[in-house]
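Reproduced below: work_32.txt, with compact mmCIF, C-alpha atoms and all ligand atoms.
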```txt
# COMPACT_ATOMS: atom_id res chain seq x y z
CA MET A 1 2.77 8.58 22.01
CA ALA A 2 2.62 10.01 18.51
CA GLY A 3 -0.70 9.72 16.67
CA ARG A 4 -1.45 7.13 13.99
CA VAL A 5 -2.39 7.94 10.44
CA VAL A 6 -5.09 5.73 8.93
CA THR A 7 -5.96 6.10 5.25
CA ILE A 8 -9.37 4.98 3.99
CA THR A 9 -9.38 4.02 0.34
CA SER A 10 -11.26 1.74 -2.08
CA GLY A 11 -10.30 1.76 -5.73
CA LYS A 12 -13.89 2.00 -6.94
CA GLY A 13 -15.77 5.22 -6.27
CA GLY A 14 -18.98 5.61 -4.30
CA VAL A 15 -18.55 2.57 -2.04
CA GLY A 16 -18.66 4.54 1.23
CA LYS A 17 -15.19 5.93 2.05
CA THR A 18 -16.44 9.36 3.06
CA THR A 19 -19.33 7.88 5.06
CA LEU A 20 -16.90 5.61 6.89
CA THR A 21 -14.40 8.41 7.55
CA ALA A 22 -17.07 10.72 9.00
CA ASN A 23 -18.55 8.01 11.20
CA LEU A 24 -15.26 6.57 12.34
CA GLY A 25 -14.06 10.09 13.17
CA ALA A 26 -17.18 10.68 15.26
CA ALA A 27 -17.08 7.26 16.94
CA LEU A 28 -13.40 7.65 17.86
CA ALA A 29 -13.92 11.16 19.21
CA MET A 30 -16.83 9.84 21.30
CA ARG A 31 -14.33 7.41 22.83
CA GLY A 32 -12.14 10.28 23.91
CA GLN A 33 -9.64 10.10 21.05
CA ARG A 34 -8.28 13.35 19.65
CA VAL A 35 -9.11 12.98 15.97
CA VAL A 36 -8.45 14.86 12.72
CA VAL A 37 -10.19 13.80 9.53
CA ILE A 38 -8.56 15.01 6.31
CA ASP A 39 -10.62 15.31 3.14
CA ALA A 40 -8.05 14.37 0.50
CA ASP A 41 -10.55 14.43 -2.36
CA VAL A 42 -9.35 17.79 -3.70
CA GLY A 43 -11.84 19.20 -6.21
CA LEU A 44 -14.68 16.98 -4.96
CA ARG A 45 -15.00 18.10 -1.34
CA ASN A 46 -17.61 16.02 0.56
CA LEU A 47 -16.49 15.24 4.08
CA ASP A 48 -17.46 18.75 5.26
CA VAL A 49 -21.06 18.14 4.19
CA MET A 50 -21.19 14.65 5.77
CA LEU A 51 -20.05 16.22 9.05
CA GLY A 52 -22.36 19.25 8.79
CA LEU A 53 -19.40 21.64 8.77
CA GLU A 54 -19.73 23.18 5.31
CA ASN A 55 -20.58 26.63 6.64
CA ARG A 56 -17.59 26.86 8.95
CA ILE A 57 -14.80 26.47 6.43
CA VAL A 58 -12.35 29.33 6.10
CA TYR A 59 -9.17 27.66 4.82
CA ASP A 60 -8.51 24.27 3.21
CA LEU A 61 -5.81 21.66 2.63
CA VAL A 62 -4.30 23.50 -0.34
CA ASP A 63 -4.20 26.79 1.60
CA VAL A 64 -2.17 24.97 4.25
CA ILE A 65 0.14 23.43 1.66
CA GLU A 66 0.71 26.71 -0.14
CA GLY A 67 1.29 28.58 3.09
CA ARG A 68 -1.73 30.88 3.04
CA CYS A 69 -2.52 29.80 6.59
CA ARG A 70 -1.02 27.76 9.37
CA LEU A 71 -2.15 24.15 9.78
CA ARG A 72 -3.98 24.97 13.00
CA GLN A 73 -6.01 27.68 11.22
CA GLY A 74 -7.11 25.19 8.57
CA LEU A 75 -8.71 22.82 11.10
CA VAL A 76 -12.47 23.10 11.61
CA ARG A 77 -13.77 21.93 14.96
CA HIS A 78 -16.89 19.76 15.05
CA LYS A 79 -19.98 21.32 16.62
CA GLN A 80 -20.75 18.60 19.16
CA LEU A 81 -17.43 16.80 19.45
CA PRO A 82 -14.69 19.16 20.59
CA GLU A 83 -11.98 16.54 19.95
CA LEU A 84 -12.95 16.05 16.30
CA TYR A 85 -11.41 18.32 13.66
CA LEU A 86 -11.77 18.45 9.88
CA LEU A 87 -9.12 19.57 7.43
CA PRO A 88 -11.28 20.25 4.36
CA ALA A 89 -10.32 19.70 0.74
CA ALA A 90 -10.01 22.62 -1.64
CA GLN A 91 -13.01 22.73 -3.94
CA THR A 92 -11.69 24.94 -6.71
CA ARG A 93 -8.36 23.19 -7.26
CA ASP A 94 -7.38 19.79 -8.61
CA LYS A 95 -5.29 16.96 -7.28
CA SER A 96 -2.07 18.21 -8.87
CA ALA A 97 -2.01 20.86 -6.11
CA VAL A 98 -1.02 18.18 -3.57
CA GLN A 99 2.20 16.17 -3.49
CA PRO A 100 2.79 13.06 -1.37
CA GLU A 101 5.44 14.94 0.66
CA ASP A 102 2.88 17.63 1.54
CA MET A 103 0.64 15.00 3.12
CA VAL A 104 3.56 13.51 5.03
CA ARG A 105 4.55 16.91 6.39
CA ILE A 106 0.98 17.78 7.45
CA CYS A 107 0.41 14.40 9.09
CA ASP A 108 3.72 14.55 10.93
CA GLU A 109 2.68 17.87 12.39
CA LEU A 110 -0.77 16.53 13.36
CA ARG A 111 0.62 13.41 15.04
CA GLY A 112 1.98 15.57 17.87
CA ASP A 113 -1.38 16.85 19.14
CA HIS A 114 -3.79 14.16 17.97
CA ASP A 115 -4.26 10.44 18.57
CA ILE A 116 -5.64 9.51 15.17
CA VAL A 117 -5.55 11.14 11.75
CA LEU A 118 -8.05 9.66 9.27
CA ILE A 119 -7.50 10.40 5.58
CA ASP A 120 -10.50 10.12 3.25
CA SER A 121 -8.84 9.10 -0.02
CA PRO A 122 -10.25 9.94 -3.43
CA ALA A 123 -11.43 7.03 -5.58
CA GLY A 124 -9.08 5.59 -8.19
CA ILE A 125 -5.39 4.71 -8.15
CA GLU A 126 -3.92 7.91 -9.51
CA GLN A 127 -2.30 10.97 -7.95
CA GLY A 128 -4.97 11.45 -5.26
CA PHE A 129 -4.68 7.84 -4.13
CA ARG A 130 -0.87 8.17 -4.11
CA TYR A 131 -0.74 11.23 -1.89
CA ALA A 132 -3.43 9.84 0.44
CA MET A 133 -1.44 6.61 0.90
CA GLU A 134 1.97 8.16 1.44
CA PRO A 135 1.68 9.12 5.15
CA ALA A 136 -0.40 6.07 6.16
CA ASP A 137 0.63 3.88 9.09
CA GLU A 138 -2.47 1.77 8.52
CA ILE A 139 -4.88 1.35 5.65
CA ILE A 140 -8.57 0.52 5.55
CA ILE A 141 -10.04 -0.61 2.26
CA VAL A 142 -13.77 -0.19 1.75
CA THR A 143 -15.67 -2.38 -0.64
CA ASN A 144 -19.24 -3.39 -1.40
CA PRO A 145 -20.28 -7.03 -1.80
CA GLU A 146 -20.19 -6.82 -5.61
CA VAL A 147 -17.84 -8.18 -8.25
CA SER A 148 -16.73 -4.78 -9.58
CA ALA A 149 -16.05 -3.14 -6.21
CA ALA A 150 -14.22 -6.20 -4.89
CA ARG A 151 -12.14 -6.42 -8.04
CA ASP A 152 -11.03 -2.79 -7.70
CA ALA A 153 -10.31 -3.35 -4.00
CA ASP A 154 -8.05 -6.23 -4.98
CA ARG A 155 -6.15 -3.99 -7.35
CA VAL A 156 -5.53 -1.54 -4.49
CA ILE A 157 -4.48 -4.36 -2.14
CA GLY A 158 -1.94 -5.42 -4.76
CA LEU A 159 -0.55 -1.87 -5.03
CA ILE A 160 -0.26 -1.61 -1.25
CA GLU A 161 1.59 -4.93 -1.10
CA ALA A 162 3.98 -3.70 -3.76
CA GLU A 163 4.68 -0.56 -1.68
CA GLU A 164 5.48 -2.81 1.29
CA LYS A 165 3.04 -0.90 3.47
CA SER A 166 1.68 -2.82 6.44
CA PRO A 167 -1.24 -5.02 5.35
CA ALA A 168 -4.56 -3.29 4.82
CA ARG A 169 -7.78 -4.26 6.57
CA LEU A 170 -11.16 -4.55 4.91
CA VAL A 171 -14.57 -2.98 5.54
CA ILE A 172 -17.47 -4.51 3.65
CA ASN A 173 -20.12 -1.80 3.35
CA ARG A 174 -23.76 -1.98 2.26
CA LEU A 175 -24.24 -5.67 2.95
CA GLU A 176 -27.85 -6.79 2.79
CA PRO A 177 -28.26 -9.88 4.99
CA SER A 178 -31.61 -10.81 3.41
CA MET A 179 -30.06 -10.76 -0.07
CA VAL A 180 -27.16 -12.90 1.14
CA SER A 181 -29.49 -15.45 2.71
CA LYS A 182 -31.49 -15.63 -0.52
CA GLY A 183 -28.23 -16.35 -2.34
CA HIS A 184 -28.31 -13.09 -4.27
CA MET A 185 -25.35 -11.31 -2.76
CA LEU A 186 -21.73 -12.17 -2.05
CA GLY A 187 -21.45 -12.97 1.65
CA VAL A 188 -18.80 -11.73 4.06
CA ALA A 189 -16.96 -15.06 3.97
CA ASP A 190 -16.90 -15.06 0.14
CA VAL A 191 -15.35 -11.60 -0.10
CA VAL A 192 -12.84 -12.24 2.68
CA GLU A 193 -11.83 -15.58 1.18
CA LEU A 194 -11.21 -14.15 -2.29
CA LEU A 195 -9.53 -10.89 -1.27
CA ALA A 196 -7.53 -12.76 1.38
CA ILE A 197 -7.06 -9.85 3.79
CA ASP A 198 -8.18 -9.26 7.37
CA LEU A 199 -11.65 -7.94 8.02
CA ILE A 200 -12.11 -4.96 10.34
CA GLY A 201 -15.85 -4.48 9.90
CA VAL A 202 -19.11 -5.13 8.11
CA VAL A 203 -21.63 -2.31 7.68
CA PRO A 204 -25.15 -3.21 6.61
CA GLU A 205 -27.12 -1.35 3.98
CA ASP A 206 -29.05 1.18 6.03
CA SER A 207 -31.41 3.86 4.74
CA ASN A 208 -30.51 5.91 7.81
CA ALA A 209 -27.22 6.65 6.03
CA LEU A 210 -29.05 8.90 3.60
CA ILE A 211 -31.02 10.61 6.35
CA ALA A 212 -27.77 11.19 8.26
CA ALA A 213 -26.11 12.61 5.14
CA ASN A 214 -29.13 14.87 4.58
CA ARG A 215 -28.77 16.27 8.07
CA GLY A 216 -24.98 16.39 8.14
CA GLN A 217 -25.12 14.32 11.31
CA PRO A 218 -23.06 11.09 11.21
CA LEU A 219 -25.04 8.01 12.25
CA ALA A 220 -22.43 7.15 14.85
CA LEU A 221 -23.36 10.34 16.74
CA SER A 222 -27.00 9.50 17.14
CA ASN A 223 -28.38 8.21 20.47
CA ASN A 224 -30.93 6.17 18.61
CA ARG A 225 -28.29 3.82 17.33
CA SER A 226 -28.99 2.49 13.84
CA ARG A 227 -27.57 -0.80 12.59
CA ALA A 228 -24.95 0.98 10.49
CA GLY A 229 -24.14 3.33 13.37
CA HIS A 230 -23.56 0.33 15.62
CA ALA A 231 -21.26 -1.19 12.99
CA PHE A 232 -19.19 2.02 12.80
CA HIS A 233 -18.70 1.94 16.57
CA ASN A 234 -17.54 -1.66 16.35
CA ILE A 235 -14.94 -0.68 13.75
CA ALA A 236 -13.76 2.20 15.95
CA GLY A 237 -13.32 -0.25 18.83
CA ARG A 238 -11.32 -2.67 16.68
CA LEU A 239 -9.14 0.16 15.42
CA LEU A 240 -8.29 0.89 19.06
CA GLY A 241 -7.32 -2.73 19.59
CA GLU A 242 -10.46 -3.84 21.44
CA GLU A 243 -11.69 -7.39 20.93
CA VAL A 244 -15.06 -6.73 19.36
CA PRO A 245 -16.70 -9.96 18.18
CA PHE A 246 -18.19 -10.08 14.70
CA GLU A 247 -21.92 -10.51 15.15
CA PRO A 248 -23.84 -12.31 12.45
CA LEU A 249 -25.87 -9.72 10.57
CA ARG A 250 -29.53 -10.34 10.14
CA GLU A 251 -32.64 -8.43 9.33
CA PRO A 252 -34.18 -6.69 12.34
CA ARG A 253 -37.23 -8.64 13.42
CA VAL A 254 -40.60 -7.01 13.33
CA PHE A 255 -40.85 -6.64 17.12
CA GLU A 256 -37.42 -5.00 17.22
CA ARG A 257 -38.52 -2.46 14.67
CA LEU A 258 -41.63 -1.82 16.75
CA LEU A 259 -39.59 -1.43 19.91
CA ARG A 260 -37.31 1.02 18.18
CA PHE A 261 -40.38 2.86 17.03
CA VAL A 262 -41.95 3.17 20.46
CA SER A 263 -38.71 3.82 22.37
CA PRO A 264 -36.20 5.54 20.11
CA GLU A 265 -33.51 5.67 22.81
CA ARG A 266 -33.04 1.91 22.70
CA SER A 267 -29.85 1.01 20.91
CA MET B 1 -39.78 -11.24 -12.98
CA GLY B 2 -42.82 -12.90 -14.55
CA PHE B 3 -44.22 -16.29 -13.62
CA LEU B 4 -42.78 -17.98 -16.71
CA ASP B 5 -39.32 -16.45 -16.22
CA ARG B 6 -39.32 -17.72 -12.66
CA LEU B 7 -40.37 -21.16 -13.77
CA PHE B 8 -37.62 -21.42 -16.35
CA SER B 9 -34.84 -19.83 -14.37
CA ARG B 10 -35.43 -22.22 -11.49
CA HIS B 11 -32.40 -24.30 -12.26
CA GLU B 12 -29.94 -21.43 -12.61
CA PRO B 13 -27.51 -21.14 -9.72
CA PRO B 14 -28.23 -18.23 -7.33
CA SER B 15 -26.62 -14.99 -8.55
CA GLY B 16 -24.44 -14.76 -5.42
CA ARG B 17 -22.69 -17.99 -6.43
CA VAL B 18 -22.28 -16.75 -9.98
CA ALA B 19 -20.78 -13.52 -8.59
CA LYS B 20 -18.31 -15.48 -6.48
CA ASP B 21 -17.17 -17.62 -9.42
CA ARG B 22 -16.79 -14.61 -11.68
CA LEU B 23 -14.94 -12.65 -9.00
CA ARG B 24 -12.57 -15.56 -8.43
CA LEU B 25 -11.84 -15.70 -12.13
CA VAL B 26 -11.18 -11.98 -12.65
CA LEU B 27 -9.00 -11.82 -9.55
CA THR B 28 -6.94 -14.74 -10.74
CA GLN B 29 -6.44 -13.07 -14.11
CA ASP B 30 -5.79 -9.58 -12.69
CA ARG B 31 -3.27 -10.70 -10.08
CA ALA B 32 -1.16 -12.83 -12.36
CA GLY B 33 -1.68 -10.60 -15.41
CA ILE B 34 -2.69 -13.68 -17.37
CA SER B 35 -5.68 -13.43 -19.69
CA PRO B 36 -7.53 -16.52 -20.98
CA ALA B 37 -5.90 -15.85 -24.39
CA LEU B 38 -2.40 -15.81 -22.90
CA LEU B 39 -3.22 -19.02 -21.06
CA GLU B 40 -4.11 -20.66 -24.40
CA THR B 41 -0.83 -19.46 -25.93
CA LEU B 42 1.12 -20.81 -22.95
CA LYS B 43 -0.66 -24.13 -23.27
CA ASP B 44 0.16 -24.44 -26.98
CA GLU B 45 3.80 -23.56 -26.46
CA ILE B 46 4.17 -25.89 -23.50
CA ILE B 47 2.74 -28.71 -25.62
CA THR B 48 5.17 -27.89 -28.44
CA VAL B 49 8.22 -27.93 -26.17
CA ILE B 50 7.29 -31.03 -24.22
CA SER B 51 6.23 -32.96 -27.33
CA ARG B 52 9.75 -32.65 -28.67
CA HIS B 53 10.89 -35.03 -25.97
CA VAL B 54 7.92 -37.13 -24.91
CA ASP B 55 4.53 -38.10 -26.24
CA VAL B 56 1.86 -35.84 -24.82
CA ASP B 57 -1.85 -36.58 -24.73
CA VAL B 58 -2.62 -33.22 -26.34
CA GLN B 59 -6.40 -33.30 -25.82
CA CYS B 60 -6.06 -33.68 -22.07
CA VAL B 61 -3.48 -30.98 -21.30
CA GLN B 62 -4.70 -28.40 -18.80
CA VAL B 63 -2.95 -25.16 -17.95
CA SER B 64 -4.44 -22.93 -15.27
CA VAL B 65 -3.61 -20.38 -12.60
CA THR B 66 -4.39 -21.34 -9.02
CA GLN B 67 -4.50 -19.15 -5.93
CA SER B 68 -3.31 -19.81 -2.45
CA GLY B 69 -4.16 -16.77 -0.34
CA ARG B 70 -2.90 -13.92 -2.50
CA GLU B 71 -0.16 -15.98 -4.19
CA SER B 72 -0.71 -17.27 -7.71
CA SER B 73 0.89 -20.27 -9.39
CA LEU B 74 0.75 -21.58 -12.90
CA VAL B 75 -0.25 -25.23 -12.91
CA ALA B 76 0.14 -27.47 -15.94
CA ASP B 77 -1.35 -30.93 -15.99
CA ILE B 78 0.24 -32.82 -18.90
CA PRO B 79 -0.82 -36.45 -19.27
CA LEU B 80 1.68 -38.60 -21.25
CA ARG B 81 0.90 -41.32 -23.76
CA HIS B 82 2.34 -44.69 -23.03
CA ARG B 83 5.12 -45.62 -25.41
CA GLN B 84 3.96 -49.11 -26.30
CA GLY B 85 0.52 -47.92 -27.34
CA VAL B 86 1.84 -45.47 -29.90
CA ARG B 87 5.02 -46.87 -31.37
CA GLU B 88 4.92 -50.17 -33.19
CA GLY B 89 8.13 -52.17 -33.57
N1 LIG C 1 -24.16 1.45 4.70
C1 LIG C 1 -24.81 2.24 3.81
N2 LIG C 1 -26.13 2.08 3.61
C2 LIG C 1 -26.79 2.87 2.71
N3 LIG C 1 -26.21 3.82 1.99
C3 LIG C 1 -24.88 4.03 2.14
C4 LIG C 1 -24.12 3.26 3.06
N4 LIG C 1 -22.84 3.69 3.00
C5 LIG C 1 -22.81 4.68 2.08
N5 LIG C 1 -24.03 4.90 1.57
C6 LIG C 1 -24.40 5.89 0.53
O1 LIG C 1 -23.59 5.67 -0.61
C7 LIG C 1 -23.29 6.90 -1.24
C8 LIG C 1 -21.79 7.01 -1.47
O2 LIG C 1 -21.15 7.07 -0.21
P1 LIG C 1 -19.79 7.88 -0.01
O3 LIG C 1 -19.90 9.27 -0.53
O4 LIG C 1 -19.40 7.71 1.41
O5 LIG C 1 -18.82 7.04 -0.96
P2 LIG C 1 -17.32 7.39 -1.37
O6 LIG C 1 -16.60 6.09 -1.45
O7 LIG C 1 -16.76 8.41 -0.46
O8 LIG C 1 -17.54 8.02 -2.82
P3 LIG C 1 -16.42 8.76 -3.72
O9 LIG C 1 -15.57 7.68 -4.30
O10 LIG C 1 -17.21 9.49 -4.74
O11 LIG C 1 -15.65 9.66 -2.81
C9 LIG C 1 -23.85 7.99 -0.35
O12 LIG C 1 -25.06 8.42 -0.90
C10 LIG C 1 -24.08 7.31 0.98
O13 LIG C 1 -25.14 7.87 1.70
MG MG C 2 -15.80 10.27 -0.94
```
Translate the structure of the given file into structure tokens.
Amino acid sequence: MAGRVVTITSGKGGVGKTTLTANLGAALAMRGQRVVVIDADVGLRNLDVMLGLENRIVYDLVDVIEGRCRLRQGLVRHKQLPELYLLPAAQTRDKSAVQPEDMVRICDELRGDHDIVLIDSPAGIEQGFRYAMEPADEIIIVTNPEVSAARDADRVIGLIEAEEKSPARLVINRLEPSMVSKGHMLGVADVVELLAIDLIGVVPEDSNALIAANRGQPLALSNNRSRAGHAFHNIAGRLLGEEVPFEPLREPRVFERLLRFVSPERS
Amino acid sequence: MGFLDRLFSRHEPPSGRVAKDRLRLVLTQDRAGISPALLETLKDEIITVISRHVDVDVQCVQVSVTQSGRESSLVADIPLRHRQGVREG
């Protein structure tokens, strides 16, 4: 069966697209999927750093497009996960170097040898968003539980509807259950009700995300499974069609924190 | 937040609720491309057209955009004045 292409986009910048792409890529590869993650944010390359692969890059997306190397040569294999590959963005070029047809051609070639291609879209709704959307079979929209991020997500949902792409699914990232219960943050139900699209996952605010980014080691890879890491694995399962129930998010209780402290292998 | 601020802001709705109401409003406007100003214009023109034929209770007319899922509709509530009350003889 030919691989699926899933584009991860958001409208607003900085809501967690690259974090989600890196973690979903890792979680899917850990489930035995053959995965390629494409950094489509040409000029603002980031996915390589999130995955700890910045020192292994020889060629990039634009080199592939302009024929300076073959597609296979542009792929960088992950250090621990042999079934996870990165196609990095060019850092010294801008988004005009990529056309929607280029992305379609590259993805069609990748579908043959891989189960899932994840595209990390740039923020915004301009050229970069357009070429990242073009090859998508499925779309994941990332938002934060805030008015501005949700508003921009809605704009993107509208554009996707107009393109007659299959309906997008939503990830709510950086939810803080304690803020929601105090009434100071939009809850999952609020966002889902107003955006009126299906939910594929909720990722809590988790300071481990910064530590993971510092180390270039996606949370999903860690044995000592963090709350966000657990959420990324749930999303990976749902993407593969598993029935993963939505657990109510809550603050870890004090004894759970202690347990995690004394036995870090507990997940 | 100081003690006094807390005391006086006690009756404000929680900010999450405010966020939800504001989000609902901007989404309604964005999706339909109808700003509050355009809504006012529509209301005035609707009143003008309808008043040519029937007596409208102008103060009570309401024009708004409602959402059902991702679909928007324009809803006008136009109460009419009863004939006898207005026209003598
Ligand atoms: N669940 C989370 N908890 C805490 N921090 C997070 C979480 N998700 C993302 N972050 C942090 O938010 C920041 C932005 O994340 P990221 O780079 O993934 O966003 P992005 O949508 O790709 O941004 P851009 O639009 O610039 O490409 C990063 O510093 C990341 O570590
Ligand atoms: Mg990014």
For segment 26-43 of chain B, find every residue with an atom within 9 Å (counting only C-alpha atoms), except residues of its own chain fewer than 2 positions away, and show them as an mmCIF file with C-alpha atoms, in the coordinates of the input.
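result.cif, freshly written:
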```
data_model
loop_
_atom_site.group_PDB
_atom_site.id
_atom_site.type_symbol
_atom_site.label_atom_id
_atom_site.label_comp_id
_atom_site.auth_asym_id
_atom_site.auth_seq_id
_atom_site.Cartn_x
_atom_site.Cartn_y
_atom_site.Cartn_z
ATOM 1 C CA VAL A 147 -17.840 -8.180 -8.250
ATOM 2 C CA ALA A 150 -14.220 -6.200 -4.890
ATOM 3 C CA ARG A 151 -12.140 -6.420 -8.040
ATOM 4 C CA ASP A 154 -8.050 -6.230 -4.980
ATOM 5 C CA ARG A 155 -6.150 -3.990 -7.350
ATOM 6 C CA GLY A 158 -1.940 -5.420 -4.760
ATOM 7 C CA LEU A 194 -11.210 -14.150 -2.290
ATOM 8 C CA LEU A 195 -9.530 -10.890 -1.270
ATOM 9 C CA ASP B 21 -17.170 -17.620 -9.420
ATOM 10 C CA ARG B 22 -16.790 -14.610 -11.680
ATOM 11 C CA LEU B 23 -14.940 -12.650 -9.000
ATOM 12 C CA ARG B 24 -12.570 -15.560 -8.430
ATOM 13 C CA GLU B 45 3.800 -23.560 -26.460
ATOM 14 C CA ILE B 46 4.170 -25.890 -23.500
ATOM 15 C CA ILE B 47 2.740 -28.710 -25.620
ATOM 16 C CA THR B 48 5.170 -27.890 -28.440
ATOM 17 C CA VAL B 61 -3.480 -30.980 -21.300
ATOM 18 C CA GLN B 62 -4.700 -28.400 -18.800
ATOM 19 C CA VAL B 63 -2.950 -25.160 -17.950
ATOM 20 C CA SER B 64 -4.440 -22.930 -15.270
ATOM 21 C CA VAL B 65 -3.610 -20.380 -12.600
ATOM 22 C CA THR B 66 -4.390 -21.340 -9.020
ATOM 23 C CA GLN B 67 -4.500 -19.150 -5.930
ATOM 24 C CA ARG B 70 -2.900 -13.920 -2.500
ATOM 25 C CA GLU B 71 -0.160 -15.980 -4.190
ATOM 26 C CA SER B 72 -0.710 -17.270 -7.710
ATOM 27 C CA SER B 73 0.890 -20.270 -9.390
ATOM 28 C CA LEU B 74 0.750 -21.580 -12.900
ATOM 29 C CA ALA B 76 0.140 -27.470 -15.940
#
```
* Asked: Counting all atoms listed in the file, which of A:Ala209, A:Val37, A:Val104, A:Ile157 gets nearest to chain B?
  -> A:Ile157
Please report as a tab-separated table (two decimals) with C-alpha atoms, keeping the file's coordinate frame which residues of chain A come no farther than 6 Å from chain B, using all atoms listed in the file.
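Result file follows (part24.tsv):
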```tsv
chain	number	residue	atom	x	y	z
A	147	VAL	CA	-17.84	-8.18	-8.25
A	183	GLY	CA	-28.23	-16.35	-2.34
A	184	HIS	CA	-28.31	-13.09	-4.27
A	185	MET	CA	-25.35	-11.31	-2.76
A	186	LEU	CA	-21.73	-12.17	-2.05
A	196	ALA	CA	-7.53	-12.76	1.38
```
* Quote the spacing between atom C3 of ligand LIG 1 (chain C) and atom CA of Leu51 of chain A in Å to one decimal place. => 14.8 Å
* Spatial sel., origin (-9.5, 20.2, 16.7), limit 9 Å, only C-alpha atoms, listed as a list in words ->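 Those residues, ordered by chain and then number, are Arg34, Val35, Val36, Arg72, Leu75, Val76, Arg77, His78, Pro82, Glu83, Leu84, Tyr85, Leu86 and His114 of chain A.
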Just-selected residues, C-alpha atoms written as a PDB file, in the frame of the given file:
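The result, stored in part_23.pdb:
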```
ATOM      1  CA  ARG A  34      -8.280  13.350  19.650  1.00  0.00           C
ATOM      2  CA  VAL A  35      -9.110  12.980  15.970  1.00  0.00           C
ATOM      3  CA  VAL A  36      -8.450  14.860  12.720  1.00  0.00           C
ATOM      4  CA  ARG A  72      -3.980  24.970  13.000  1.00  0.00           C
ATOM      5  CA  LEU A  75      -8.710  22.820  11.100  1.00  0.00           C
ATOM      6  CA  VAL A  76     -12.470  23.100  11.610  1.00  0.00           C
ATOM      7  CA  ARG A  77     -13.770  21.930  14.960  1.00  0.00           C
ATOM      8  CA  HIS A  78     -16.890  19.760  15.050  1.00  0.00           C
ATOM      9  CA  PRO A  82     -14.690  19.160  20.590  1.00  0.00           C
ATOM     10  CA  GLU A  83     -11.980  16.540  19.950  1.00  0.00           C
ATOM     11  CA  LEU A  84     -12.950  16.050  16.300  1.00  0.00           C
ATOM     12  CA  TYR A  85     -11.410  18.320  13.660  1.00  0.00           C
ATOM     13  CA  LEU A  86     -11.770  18.450   9.880  1.00  0.00           C
ATOM     14  CA  HIS A 114      -3.790  14.160  17.970  1.00  0.00           C
TER      15      HIS A 114
END
```
* **Distance in Å - atom CA of Val188 of chain A versus atom CA of Leu24 of chain A** =>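 Interatomic distance here is 20.4 Å.
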* To do: Taking all atoms listed in the file into account, report as an MDAnalysis selection string which residues have an atom no farther than 12 Å from an atom of ligand MG 2 (chain C).
  => chainID A and resid 8:22 38:50 89 119:124 128:129 142
Return as AutoDock Vina command-line options the centre and edge lengths, in Å with one decimal, of the box along x, y and z that encloses every atom of ligand LIG 1 (chain C) in the file, padded by 4 Å per side.
```
--center_x -21.2 --center_y 5.6 --center_z 0.0 --size_x 19.2 --size_y 16.2 --size_z 17.4
```
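With distances taken over all atoms listed in the file, A:Pro204 is the one residue among A:Pro218, A:Gly241, A:Gly52, A:Pro204 lying closest to ligand LIG 1 (chain C).
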* Measure the distance from atom CA of Leu61 of chain A to atom CA of Val156 of chain A in Å and round it to one decimal. => 24.3 Å
* Would you mind listing what lies within 6 Å of Val56 of chain B as a ChimeraX atom specification, with all atoms listed in the file counted and same-chain residues fewer than 3 positions away left out? => /B:51,80-81
